[in-house]
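**Student:** Dropping the structure in here first, questions after.
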Amino acid sequence: MMRLPRFRYLAPTTTQEVAEVLASEGPDAMVVAGGTDLLPNMKRRQQTPKTVVGLKGVAALRESQNGTGLRLGAGLTLTEIGEDPRVREHYGALHQAAVQVASPHLRNMATLGGNICLDTRCNYYDQNYEWRKSINFCMKKEGETCWVAPASKRCLAVSSTDTAPALIALGAKVHLLAARESRELSLEELYNNDGISYLTRRPHELLTRVELPDATGWKSTYWKLRRRGSFDFPVLGVAAAVKFDAGGGVADARIVLGAVASSPIVVSEAAEMLVGKELTDGVIEEAAEKAGRKAKPMDNTDFVLHWRKRVAQSFVGYALRELRGDDMSETRWNTAKIRFGD
Amino acid sequence: MDEREKQRLKCTVNGESVDVLFDGYKTLLEVLREELDLCGTKHGCELGECGACAVLVDGKPVLSCLTLALECGQRKIETIEGVGDAKLHPLQAAFADLGGSQCGYCTPAMILTAKELLERNPDPSLDEIRESLAGVLCRCTGYQQIFDSVEQAAEELRRGEKAEVNS
Ligand SMILES: Cc1cc2nc3c(=O)[nH]c(=O)nc-3n(C[C@H](O)[C@H](O)[C@H](O)COP(=O)(O)OP(=O)(O)OC[C@H]3O[C@@H](n4cnc5c(N)ncnc54)[C@H](O)[C@@H]3O)c2cc1C
Ligand code: SF4
């Protein structure tokens, strides 16, 4: 059996209590929400918190609320996000990302907060203790060398969250609660392009909620590339959101790539060039090419690297054509074995 | 809690109240198999990748290998031991009739997962069956017999319901 290491367990019931526990325990404590990332990591001894703070009993993290936009508690499960009619109707990219995370069993457990804070992944890291020991570990934990790029000064493990690129494209903000001060930042600012310290969240901060702005006039989509149709981590994620003006031209746009770096990559150049134009074949091709150039995946996940570099461009094209109104369901089925009803 | 101290779990398993002591690091899977001798729930990859350990917690299919037993207090847990009685559940009968079960390792997870699906959606499409079972791997059947079994059981259950309404 691959058993969990021993740990001290605490189960506070309010967000304030969680923040206080985190402040007093220091970086040796970690929160557990659904546990679908933390528990495998603990079994593999990648993460070995002395204290585990359970969030399941914190009711406030499971609230959602309509205002000008939509507020989603970090403790909502991905099944709940996937089934929420407000998300489906107004924040299509988030709906599509949530329902493609892992499998239905895992989505019944997995939370939005956990998905946002998901550890970065790498073929040399997501292995059991003995396997990692046999290669003398790696820079991300206990070792010195990065086996993907031995000359690299930083870890290049991959940001593998499906919802983050979608949420960033939708303009999401996150709320971080600490015992003394709290702050709100754009989700983009939560990430560092660094496989080890991939979050700007401090260890004593609790992510309590996600704030989505009003989506009037926006259309959004999320395209995922995965090895198996059934379930798999993303090898590429493309989220795109476009606001159309009355004449059908682009008033505003955001394009975000997932799983091609240690953080989601916002490709503003490609998005900005769309503004003021109509989504013609030529415009889409140019934007896709610009975005594709920003995808610099490393050889530490799945599929052949040179193909992965090229496929980002194709996926940005698919996403934009879908937003323009093309029927992309065949391509969607072929790439991810999923259908989205209208 | 002290990490070496035995923990106490009070919950319901297959309709019966359970009160058991366990080591705090144990997952629900380990407590079911090692403390309660309920070995119908299978231990596979232990990392959430194979789905063999699926059980229903408060009616929802989840993976017992990634569920802390510490977080199961007051919950209602259903394992394969709770499915069927003197008579097989229609899903069990269909899996047996149609070859939905070969080596049998994934079968408890398949049946519990399908049971929840059919309670929620008595007439699922093939795509819906496929999606609900997407997280449970089978290395024997090639899945077709499993989908056929779920379809047959769904039909059987719908027929049973109708008979009840008419009588
Ligand atoms: C087989 C398998 C397949 C998977 N496939 C995918 C996939 O396709 N796409 C994908 O994106 N993910 C995938 N995952 C990863 C994981 O299931 C999801 O990312 C899930 O959303 C994590 O949420 P959780 O609540 O279970 O996180 P947890 O494991 O509870 O937590 C994850 C991390 O976030 C931190 N955290 C959790 N909540 C908070 C909070 N409120 N504030 C601050 N920190 C917090 C934890 O301390 C931990 O570091 C997969 C996992 C498995 C095992
Ligand atoms: S990118 Fe390098 S340092 Fe980071 S996990 Fe992989 S091998 Fe280790």
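Chain labels run A, B, ... following the order of the structure tokens; each chain numbers its residues from 1, and ligands are numbered from 1 in the order shown.
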Could you pull out the residues sitting within 6 Å of ligand 2, using only C-alpha atoms and all ligand atoms, and write them as a list in words?
**Tutor:**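 After applying the 6 Å limit, what remains is Cys122, Tyr124, Tyr125, Cys138, Met139, Lys140, Cys146, Trp147, Val148, Cys155, Leu156, Ala157 and Gly195 of chain A.
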**Student:** Neighbouring residues of segment 271-285 of chain A were defined as those with any atom within 10 Å, considering only C-alpha atoms; residues of the same chain fewer than 3 positions away were excluded. Please report them as a PyMOL selection string.
**Tutor:** chain A and resi 240-245+247-256+266-268+288-291+313-314+316-321+323-325
**Student:** Please return, as a ChimeraX atom specification, all residues of segment 107-340 of chain A that DSSP assigns to helix (DSSP H, G or I) on the basis of the backbone.
**Tutor:** /A:107-109,112-116,129-134,163-169,187-190,268-272,281-293,305-324,329-336
**Student:** Residues as selected, C-alpha atoms, written as a PDB file, in the first residue's frame, can you do that?
**Tutor:**
ATOM      1  CA  ARG A 107     -15.012  16.299  -9.833  1.00  0.00           C
ATOM      2  CA  ASN A 108     -17.435  15.265  -7.068  1.00  0.00           C
ATOM      3  CA  MET A 109     -14.533  15.788  -4.654  1.00  0.00           C
ATOM      4  CA  LEU A 112     -12.507  25.283  -7.525  1.00  0.00           C
ATOM      5  CA  GLY A 113      -9.950  26.611  -4.997  1.00  0.00           C
ATOM      6  CA  GLY A 114      -7.942  23.391  -5.192  1.00  0.00           C
ATOM      7  CA  ASN A 115      -7.942  23.532  -8.960  1.00  0.00           C
ATOM      8  CA  ILE A 116      -6.671  27.102  -8.940  1.00  0.00           C
ATOM      9  CA  TYR A 129       9.440   8.388  -3.611  1.00  0.00           C
ATOM     10  CA  GLU A 130      11.614   5.436  -4.694  1.00  0.00           C
ATOM     11  CA  TRP A 131      11.424   6.426  -8.358  1.00  0.00           C
ATOM     12  CA  ARG A 132      12.466   9.983  -7.597  1.00  0.00           C
ATOM     13  CA  LYS A 133      15.206   8.802  -5.277  1.00  0.00           C
ATOM     14  CA  SER A 134      16.645   6.587  -8.008  1.00  0.00           C
ATOM     15  CA  THR A 163     -10.065  26.298 -14.845  1.00  0.00           C
ATOM     16  CA  ALA A 164      -7.347  28.937 -14.374  1.00  0.00           C
ATOM     17  CA  PRO A 165      -6.867  29.827 -18.073  1.00  0.00           C
ATOM     18  CA  ALA A 166     -10.665  29.995 -18.441  1.00  0.00           C
ATOM     19  CA  LEU A 167     -11.077  32.165 -15.346  1.00  0.00           C
ATOM     20  CA  ILE A 168      -8.290  34.526 -16.426  1.00  0.00           C
ATOM     21  CA  ALA A 169      -9.870  34.901 -19.864  1.00  0.00           C
ATOM     22  CA  LEU A 187      -6.146  35.703 -10.995  1.00  0.00           C
ATOM     23  CA  GLU A 188      -3.316  36.330 -13.420  1.00  0.00           C
ATOM     24  CA  GLU A 189      -1.374  37.928 -10.576  1.00  0.00           C
ATOM     25  CA  LEU A 190      -1.772  34.822  -8.429  1.00  0.00           C
ATOM     26  CA  SER A 268      -2.273  39.921 -25.004  1.00  0.00           C
ATOM     27  CA  GLU A 269      -0.651  40.692 -28.361  1.00  0.00           C
ATOM     28  CA  ALA A 270      -2.850  38.187 -30.118  1.00  0.00           C
ATOM     29  CA  ALA A 271      -5.952  39.381 -28.269  1.00  0.00           C
ATOM     30  CA  GLU A 272      -5.243  43.074 -28.861  1.00  0.00           C
ATOM     31  CA  ASP A 281     -10.283  33.713 -41.580  1.00  0.00           C
ATOM     32  CA  GLY A 282      -7.258  35.919 -42.149  1.00  0.00           C
ATOM     33  CA  VAL A 283      -7.566  37.749 -38.821  1.00  0.00           C
ATOM     34  CA  ILE A 284      -8.019  34.487 -36.954  1.00  0.00           C
ATOM     35  CA  GLU A 285      -5.004  32.955 -38.638  1.00  0.00           C
ATOM     36  CA  GLU A 286      -2.809  35.897 -37.751  1.00  0.00           C
ATOM     37  CA  ALA A 287      -3.910  35.931 -34.111  1.00  0.00           C
ATOM     38  CA  ALA A 288      -3.491  32.167 -33.816  1.00  0.00           C
ATOM     39  CA  GLU A 289       0.004  32.396 -35.163  1.00  0.00           C
ATOM     40  CA  LYS A 290       0.922  35.174 -32.737  1.00  0.00           C
ATOM     41  CA  ALA A 291      -0.530  33.206 -29.811  1.00  0.00           C
ATOM     42  CA  GLY A 292       1.069  29.949 -30.895  1.00  0.00           C
ATOM     43  CA  ARG A 293       4.502  31.545 -30.798  1.00  0.00           C
ATOM     44  CA  LEU A 305       7.285  18.104 -28.253  1.00  0.00           C
ATOM     45  CA  HIS A 306       7.531  19.565 -31.762  1.00  0.00           C
ATOM     46  CA  TRP A 307       3.893  18.721 -32.383  1.00  0.00           C
ATOM     47  CA  ARG A 308       2.834  20.230 -29.071  1.00  0.00           C
ATOM     48  CA  LYS A 309       4.485  23.490 -30.089  1.00  0.00           C
ATOM     49  CA  ARG A 310       2.505  23.606 -33.306  1.00  0.00           C
ATOM     50  CA  VAL A 311      -0.841  22.480 -31.970  1.00  0.00           C
ATOM     51  CA  ALA A 312      -1.317  25.574 -29.798  1.00  0.00           C
ATOM     52  CA  GLN A 313      -1.749  27.669 -32.934  1.00  0.00           C
ATOM     53  CA  SER A 314      -4.393  25.283 -34.303  1.00  0.00           C
ATOM     54  CA  PHE A 315      -6.298  25.300 -31.030  1.00  0.00           C
ATOM     55  CA  VAL A 316      -6.380  29.093 -30.810  1.00  0.00           C
ATOM     56  CA  GLY A 317      -7.815  29.030 -34.327  1.00  0.00           C
ATOM     57  CA  TYR A 318     -10.500  26.507 -33.315  1.00  0.00           C
ATOM     58  CA  ALA A 319     -11.448  28.591 -30.277  1.00  0.00           C
ATOM     59  CA  LEU A 320     -11.781  31.824 -32.269  1.00  0.00           C
ATOM     60  CA  ARG A 321     -13.739  30.159 -35.055  1.00  0.00           C
ATOM     61  CA  GLU A 322     -16.136  28.753 -32.497  1.00  0.00           C
ATOM     62  CA  LEU A 323     -16.600  32.197 -30.944  1.00  0.00           C
ATOM     63  CA  ARG A 324     -17.286  33.577 -34.425  1.00  0.00           C
ATOM     64  CA  SER A 329     -18.421  20.210 -32.677  1.00  0.00           C
ATOM     65  CA  GLU A 330     -16.714  17.657 -34.941  1.00  0.00           C
ATOM     66  CA  THR A 331     -13.266  19.051 -34.182  1.00  0.00           C
ATOM     67  CA  ARG A 332     -14.168  19.222 -30.518  1.00  0.00           C
ATOM     68  CA  TRP A 333     -15.183  15.574 -30.533  1.00  0.00           C
ATOM     69  CA  ASN A 334     -12.034  14.551 -32.385  1.00  0.00           C
ATOM     70  CA  THR A 335      -9.706  16.378 -30.015  1.00  0.00           C
ATOM     71  CA  ALA A 336     -11.360  15.848 -26.625  1.00  0.00           C
TER      72      ALA A 336
END
**Student:** Quick one: residues within 7 Å of ligand 1, with only C-alpha atoms and all ligand atoms, as a ChimeraX atom specification?
**Tutor:** /A:30-40,74-75,78,100-103,106-107,109-119,160-163,205-208,231-234 /B:47-49
**Student:** Deliver the residues from the most recent selection as a file, using C-alpha atoms, as a PDB file, in the first residue's frame.
**Tutor:**
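part_5.pdb, freshly written:
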ATOM      1  CA  MET A  30      -1.374  23.037   4.312  1.00  0.00           C
ATOM      2  CA  VAL A  31      -5.086  23.191   3.686  1.00  0.00           C
ATOM      3  CA  VAL A  32      -6.914  20.271   2.134  1.00  0.00           C
ATOM      4  CA  ALA A  33     -10.103  20.881   0.177  1.00  0.00           C
ATOM      5  CA  GLY A  34     -11.068  17.956  -2.077  1.00  0.00           C
ATOM      6  CA  GLY A  35      -7.701  16.324  -1.482  1.00  0.00           C
ATOM      7  CA  THR A  36      -7.443  15.065  -5.063  1.00  0.00           C
ATOM      8  CA  ASP A  37      -4.125  16.855  -5.568  1.00  0.00           C
ATOM      9  CA  LEU A  38      -2.719  17.063  -2.047  1.00  0.00           C
ATOM     10  CA  LEU A  39      -3.361  13.445  -1.013  1.00  0.00           C
ATOM     11  CA  PRO A  40      -1.643  11.816  -4.035  1.00  0.00           C
ATOM     12  CA  ALA A  74     -13.466  28.341  -3.363  1.00  0.00           C
ATOM     13  CA  GLY A  75     -15.001  25.246  -1.770  1.00  0.00           C
ATOM     14  CA  LEU A  78     -16.215  21.158  -9.902  1.00  0.00           C
ATOM     15  CA  GLN A 100     -13.276  18.499 -18.546  1.00  0.00           C
ATOM     16  CA  VAL A 101     -11.241  18.318 -15.331  1.00  0.00           C
ATOM     17  CA  ALA A 102     -10.343  14.753 -14.370  1.00  0.00           C
ATOM     18  CA  SER A 103     -13.275  12.297 -14.074  1.00  0.00           C
ATOM     19  CA  LEU A 106     -12.806  13.317  -8.954  1.00  0.00           C
ATOM     20  CA  ARG A 107     -15.012  16.299  -9.833  1.00  0.00           C
ATOM     21  CA  MET A 109     -14.533  15.788  -4.654  1.00  0.00           C
ATOM     22  CA  ALA A 110     -12.344  18.427  -6.351  1.00  0.00           C
ATOM     23  CA  THR A 111     -12.923  22.087  -5.554  1.00  0.00           C
ATOM     24  CA  LEU A 112     -12.507  25.283  -7.525  1.00  0.00           C
ATOM     25  CA  GLY A 113      -9.950  26.611  -4.997  1.00  0.00           C
ATOM     26  CA  GLY A 114      -7.942  23.391  -5.192  1.00  0.00           C
ATOM     27  CA  ASN A 115      -7.942  23.532  -8.960  1.00  0.00           C
ATOM     28  CA  ILE A 116      -6.671  27.102  -8.940  1.00  0.00           C
ATOM     29  CA  CYS A 117      -3.895  26.179  -6.461  1.00  0.00           C
ATOM     30  CA  LEU A 118      -3.068  22.815  -8.089  1.00  0.00           C
ATOM     31  CA  ASP A 119       0.611  21.894  -7.827  1.00  0.00           C
ATOM     32  CA  SER A 160      -1.949  21.952 -15.325  1.00  0.00           C
ATOM     33  CA  THR A 161      -5.116  23.568 -14.041  1.00  0.00           C
ATOM     34  CA  ASP A 162      -7.958  23.650 -16.528  1.00  0.00           C
ATOM     35  CA  THR A 163     -10.065  26.298 -14.845  1.00  0.00           C
ATOM     36  CA  GLU A 205      -3.389  33.026   3.029  1.00  0.00           C
ATOM     37  CA  LEU A 206      -6.643  31.243   2.302  1.00  0.00           C
ATOM     38  CA  LEU A 207      -8.262  31.587  -1.088  1.00  0.00           C
ATOM     39  CA  THR A 208     -11.872  32.204  -0.176  1.00  0.00           C
ATOM     40  CA  PHE A 231      -9.939  11.831 -18.639  1.00  0.00           C
ATOM     41  CA  ASP A 232      -6.449  13.262 -18.449  1.00  0.00           C
ATOM     42  CA  PHE A 233      -4.566  16.340 -17.369  1.00  0.00           C
ATOM     43  CA  PRO A 234      -4.370  18.984 -20.107  1.00  0.00           C
TER      44      PRO A 234
ATOM     45  CA  LEU B  47      -3.707   7.846  -6.592  1.00  0.00           C
ATOM     46  CA  GLY B  48      -7.094   8.491  -8.147  1.00  0.00           C
ATOM     47  CA  GLU B  49      -6.148   7.269 -11.598  1.00  0.00           C
TER      48      GLU B  49
END
**Student:** From a DSSP pass on the backbone, collect the residues of segment 17-166 of chain B flagged as strand (DSSP E or B) and hand them back as a VMD selection string.
**Tutor:** chain B and resid 17 to 23 27 54 to 57 60 to 63 68 76 to 78
**Student:** Would you output that residue set with all heavy atoms, as a compact mmCIF listing (two decimals), in the first residue's frame?
**Tutor:**
# COMPACT_ATOMS: atom_id res chain seq x y z
N SER B 17 -25.06 1.59 11.51
CA SER B 17 -24.15 2.52 12.18
C SER B 17 -22.86 1.80 12.50
O SER B 17 -22.86 0.64 12.90
CB SER B 17 -24.71 3.03 13.50
OG SER B 17 -26.07 3.10 13.43
N VAL B 18 -21.79 2.56 12.32
CA VAL B 18 -20.46 2.02 12.55
C VAL B 18 -19.75 2.93 13.53
O VAL B 18 -19.92 4.15 13.48
CB VAL B 18 -19.71 1.98 11.19
CG1 VAL B 18 -18.22 1.89 11.40
CG2 VAL B 18 -20.20 0.83 10.34
N ASP B 19 -19.00 2.34 14.43
CA ASP B 19 -18.21 3.11 15.40
C ASP B 19 -16.87 2.39 15.48
O ASP B 19 -16.79 1.28 15.99
CB ASP B 19 -18.95 3.07 16.76
CG ASP B 19 -18.29 3.97 17.79
OD1 ASP B 19 -17.15 4.43 17.54
OD2 ASP B 19 -18.92 4.21 18.85
N VAL B 20 -15.83 3.01 14.93
CA VAL B 20 -14.59 2.26 14.77
C VAL B 20 -13.38 3.14 15.08
O VAL B 20 -13.40 4.35 14.86
CB VAL B 20 -14.53 1.68 13.33
CG1 VAL B 20 -14.48 2.76 12.28
CG2 VAL B 20 -13.35 0.73 13.14
N LEU B 21 -12.32 2.53 15.60
CA LEU B 21 -11.07 3.26 15.86
C LEU B 21 -10.11 3.02 14.71
O LEU B 21 -10.04 1.93 14.16
CB LEU B 21 -10.44 2.75 17.16
CG LEU B 21 -11.20 3.05 18.44
CD1 LEU B 21 -10.49 2.44 19.65
CD2 LEU B 21 -11.36 4.56 18.64
N PHE B 22 -9.37 4.07 14.35
CA PHE B 22 -8.43 3.92 13.22
C PHE B 22 -7.28 4.90 13.37
O PHE B 22 -7.37 5.86 14.14
CB PHE B 22 -9.17 4.15 11.89
CG PHE B 22 -9.60 5.58 11.68
CD1 PHE B 22 -8.86 6.43 10.86
CD2 PHE B 22 -10.72 6.10 12.31
CE1 PHE B 22 -9.23 7.77 10.69
CE2 PHE B 22 -11.10 7.43 12.15
CZ PHE B 22 -10.36 8.25 11.33
N ASP B 23 -6.20 4.65 12.64
CA ASP B 23 -5.07 5.58 12.62
C ASP B 23 -5.42 6.75 11.72
O ASP B 23 -5.87 6.55 10.59
CB ASP B 23 -3.81 4.89 12.10
CG ASP B 23 -3.24 3.93 13.13
OD1 ASP B 23 -3.08 4.36 14.29
OD2 ASP B 23 -2.97 2.76 12.79
N THR B 27 -6.99 6.34 4.84
CA THR B 27 -8.06 6.79 3.95
C THR B 27 -9.29 5.94 4.22
O THR B 27 -9.21 4.89 4.87
CB THR B 27 -7.64 6.62 2.48
OG1 THR B 27 -7.39 5.23 2.25
CG2 THR B 27 -6.39 7.42 2.16
N ALA B 54 -13.93 3.23 -5.96
CA ALA B 54 -15.10 4.12 -5.86
C ALA B 54 -16.15 3.57 -4.90
O ALA B 54 -16.44 2.37 -4.89
CB ALA B 54 -15.72 4.33 -7.24
N VAL B 55 -16.70 4.44 -4.08
CA VAL B 55 -17.83 4.11 -3.21
C VAL B 55 -18.79 5.31 -3.28
O VAL B 55 -18.47 6.33 -3.89
CB VAL B 55 -17.39 3.91 -1.73
CG1 VAL B 55 -16.42 2.75 -1.60
CG2 VAL B 55 -16.77 5.19 -1.15
N LEU B 56 -19.96 5.18 -2.67
CA LEU B 56 -20.87 6.33 -2.61
C LEU B 56 -20.78 6.95 -1.23
O LEU B 56 -20.91 6.25 -0.22
CB LEU B 56 -22.32 5.90 -2.90
CG LEU B 56 -22.57 5.14 -4.22
CD1 LEU B 56 -24.06 4.86 -4.39
CD2 LEU B 56 -22.04 5.92 -5.42
N VAL B 57 -20.51 8.23 -1.19
CA VAL B 57 -20.54 8.95 0.09
C VAL B 57 -21.68 9.98 0.00
O VAL B 57 -21.68 10.80 -0.92
CB VAL B 57 -19.19 9.65 0.39
CG1 VAL B 57 -19.30 10.51 1.65
CG2 VAL B 57 -18.08 8.62 0.57
N LYS B 60 -23.08 10.11 -3.45
CA LYS B 60 -22.30 10.52 -4.63
C LYS B 60 -21.08 9.62 -4.82
O LYS B 60 -20.39 9.30 -3.86
CB LYS B 60 -21.77 11.94 -4.44
CG LYS B 60 -22.83 12.98 -4.47
CD LYS B 60 -22.32 14.23 -5.21
CE LYS B 60 -23.42 15.26 -5.33
NZ LYS B 60 -23.81 15.82 -4.03
N PRO B 61 -20.78 9.24 -6.07
CA PRO B 61 -19.59 8.43 -6.31
C PRO B 61 -18.31 9.24 -6.07
O PRO B 61 -18.15 10.33 -6.65
CB PRO B 61 -19.68 8.05 -7.79
CG PRO B 61 -21.01 8.50 -8.27
CD PRO B 61 -21.52 9.53 -7.32
N VAL B 62 -17.47 8.73 -5.20
CA VAL B 62 -16.17 9.37 -4.94
C VAL B 62 -15.12 8.28 -4.82
O VAL B 62 -15.45 7.09 -4.77
CB VAL B 62 -16.17 10.21 -3.63
CG1 VAL B 62 -17.17 11.34 -3.69
CG2 VAL B 62 -16.43 9.33 -2.42
N LEU B 63 -13.85 8.69 -4.77
CA LEU B 63 -12.77 7.72 -4.66
C LEU B 63 -12.36 7.58 -3.20
O LEU B 63 -11.92 8.54 -2.57
CB LEU B 63 -11.58 8.17 -5.51
CG LEU B 63 -11.92 8.35 -6.99
CD1 LEU B 63 -10.67 8.77 -7.77
CD2 LEU B 63 -12.51 7.09 -7.59
N LEU B 68 -10.10 11.17 3.20
CA LEU B 68 -9.60 10.96 4.55
C LEU B 68 -10.73 10.36 5.39
O LEU B 68 -11.83 10.92 5.43
CB LEU B 68 -9.15 12.29 5.17
CG LEU B 68 -7.90 12.96 4.58
CD1 LEU B 68 -7.67 14.31 5.25
CD2 LEU B 68 -6.68 12.07 4.73
N LYS B 76 -22.95 9.02 5.15
CA LYS B 76 -23.57 7.75 4.76
C LYS B 76 -22.72 7.15 3.65
O LYS B 76 -22.60 7.72 2.57
CB LYS B 76 -24.98 8.00 4.20
CG LYS B 76 -26.00 8.28 5.26
CD LYS B 76 -27.40 8.00 4.68
CE LYS B 76 -28.46 8.63 5.55
NZ LYS B 76 -28.70 10.04 5.24
N ILE B 77 -22.17 5.98 3.94
CA ILE B 77 -21.27 5.35 2.98
C ILE B 77 -21.92 4.09 2.43
O ILE B 77 -22.52 3.32 3.18
CB ILE B 77 -19.92 5.04 3.65
CG1 ILE B 77 -19.24 6.38 3.96
CG2 ILE B 77 -19.02 4.19 2.77
CD1 ILE B 77 -18.34 6.35 5.12
N GLU B 78 -21.82 3.94 1.11
CA GLU B 78 -22.37 2.72 0.52
C GLU B 78 -21.28 2.01 -0.28
O GLU B 78 -20.60 2.61 -1.11
CB GLU B 78 -23.56 3.08 -0.39
CG GLU B 78 -24.32 1.85 -0.83
CD GLU B 78 -25.59 2.18 -1.62
OE1 GLU B 78 -26.02 3.36 -1.62
OE2 GLU B 78 -26.13 1.26 -2.25
**Student:** Once you count only C-alpha atoms, which residues of chain B turn out to be within 8 Å of chain A? Could you give them as a ChimeraX atom specification?
**Tutor:** /B:1-4,24-26,46-48,51,54,60-63,66-67,71,131-135
**Student:** Please provide as a ChimeraX atom specification all residues within 7 Å of segment 143-149 of chain B, with the sequence filter that same-chain residues fewer than 2 positions apart are discarded (counting only C-alpha atoms).
**Tutor:** /B:91,94-95,98-100,129,138,141,151-153
**Student:** If you keep N, CA, C and O atoms, can you produce a file of those selected residues as a compact mmCIF listing (two decimals), in the first residue's frame?
**Tutor:**
# COMPACT_ATOMS: atom_id res chain seq x y z
N LEU B 91 -28.39 -4.46 -11.82
CA LEU B 91 -27.06 -4.19 -12.39
C LEU B 91 -26.16 -5.41 -12.23
O LEU B 91 -25.45 -5.81 -13.16
N ALA B 94 -27.26 -8.05 -14.69
CA ALA B 94 -26.88 -7.74 -16.07
C ALA B 94 -25.37 -7.91 -16.28
O ALA B 94 -24.95 -8.43 -17.32
N PHE B 95 -24.56 -7.47 -15.33
CA PHE B 95 -23.10 -7.64 -15.47
C PHE B 95 -22.76 -9.12 -15.58
O PHE B 95 -21.89 -9.51 -16.36
N LEU B 98 -24.16 -10.53 -19.17
CA LEU B 98 -23.61 -10.01 -20.43
C LEU B 98 -22.09 -9.96 -20.44
O LEU B 98 -21.49 -9.37 -21.35
N GLY B 99 -21.44 -10.50 -19.46
CA GLY B 99 -19.97 -10.48 -19.45
C GLY B 99 -19.44 -9.09 -19.12
O GLY B 99 -18.34 -8.73 -19.55
N GLY B 100 -20.21 -8.31 -18.37
CA GLY B 100 -19.74 -6.98 -17.96
C GLY B 100 -18.64 -7.10 -16.92
O GLY B 100 -17.94 -6.14 -16.61
N ILE B 129 -23.77 7.28 -20.16
CA ILE B 129 -23.23 6.11 -19.44
C ILE B 129 -21.71 6.15 -19.51
O ILE B 129 -21.00 6.02 -18.51
N CYS B 138 -11.20 -0.39 -16.86
CA CYS B 138 -11.35 -1.84 -16.94
C CYS B 138 -10.32 -2.33 -17.95
O CYS B 138 -10.21 -1.75 -19.03
N THR B 141 -12.72 -6.03 -20.39
CA THR B 141 -13.89 -6.15 -21.26
C THR B 141 -13.85 -5.31 -22.52
O THR B 141 -14.60 -5.57 -23.45
N GLU B 151 -27.08 -0.58 -19.80
CA GLU B 151 -28.31 -0.32 -20.57
C GLU B 151 -29.39 -1.34 -20.23
O GLU B 151 -30.56 -1.00 -20.05
N GLN B 152 -28.98 -2.62 -20.14
CA GLN B 152 -29.97 -3.66 -19.83
C GLN B 152 -30.55 -3.46 -18.43
O GLN B 152 -31.76 -3.59 -18.23
N ALA B 153 -29.69 -3.13 -17.48
CA ALA B 153 -30.17 -2.93 -16.10
C ALA B 153 -31.11 -1.74 -16.05
O ALA B 153 -32.13 -1.76 -15.34
**Student:** Tell me, in Å to one decimal, how far atom CA of Asn128 of chain A is from atom CA of Gly26 of chain A.
**Tutor:** 26.3 Å
**Student:** Excluding Glu155 of chain B and any residue of its chain fewer than 6 positions from it, enumerate the residues within 10 Å of it, using only C-alpha atoms, and give them as a PyMOL selection string.
**Tutor:** chain B and resi 90+122-123+149+161
**Student:** Write a file of the selected residues as a short mmCIF file (atom, residue, chain, number, x, y, z; two decimals), in the first residue's frame, keeping all heavy atoms.
**Tutor:**
data_model
loop_
_atom_site.label_atom_id
_atom_site.label_comp_id
_atom_site.auth_asym_id
_atom_site.auth_seq_id
_atom_site.Cartn_x
_atom_site.Cartn_y
_atom_site.Cartn_z
N PRO B 90 -30.50 -5.52 -10.28
CA PRO B 90 -30.52 -5.65 -11.75
C PRO B 90 -29.16 -5.36 -12.40
O PRO B 90 -28.83 -5.96 -13.42
CB PRO B 90 -31.57 -4.63 -12.18
CG PRO B 90 -32.49 -4.52 -11.00
CD PRO B 90 -31.65 -4.74 -9.78
N PRO B 122 -32.81 7.69 -15.05
CA PRO B 122 -33.23 6.31 -15.32
C PRO B 122 -33.07 5.88 -16.78
O PRO B 122 -33.05 4.69 -17.06
CB PRO B 122 -34.71 6.30 -14.93
CG PRO B 122 -34.94 7.54 -14.16
CD PRO B 122 -33.91 8.52 -14.57
N ASP B 123 -32.97 6.85 -17.69
CA ASP B 123 -32.88 6.47 -19.10
C ASP B 123 -31.70 7.19 -19.76
O ASP B 123 -31.88 8.01 -20.65
CB ASP B 123 -34.21 6.84 -19.80
CG ASP B 123 -34.33 6.20 -21.17
OD1 ASP B 123 -33.44 5.39 -21.53
OD2 ASP B 123 -35.30 6.52 -21.87
N SER B 149 -24.39 -3.84 -20.24
CA SER B 149 -24.96 -4.27 -18.96
C SER B 149 -25.73 -3.12 -18.30
O SER B 149 -26.83 -3.34 -17.77
CB SER B 149 -23.87 -4.73 -18.00
OG SER B 149 -23.06 -5.72 -18.59
N GLU B 161 -40.27 -0.31 -12.29
CA GLU B 161 -40.98 0.90 -11.82
C GLU B 161 -42.39 0.96 -12.39
O GLU B 161 -43.34 1.22 -11.68
CB GLU B 161 -40.23 2.16 -12.25
CG GLU B 161 -38.90 2.31 -11.60
CD GLU B 161 -38.84 3.55 -10.73
OE1 GLU B 161 -39.18 4.62 -11.24
OE2 GLU B 161 -38.46 3.40 -9.54
#
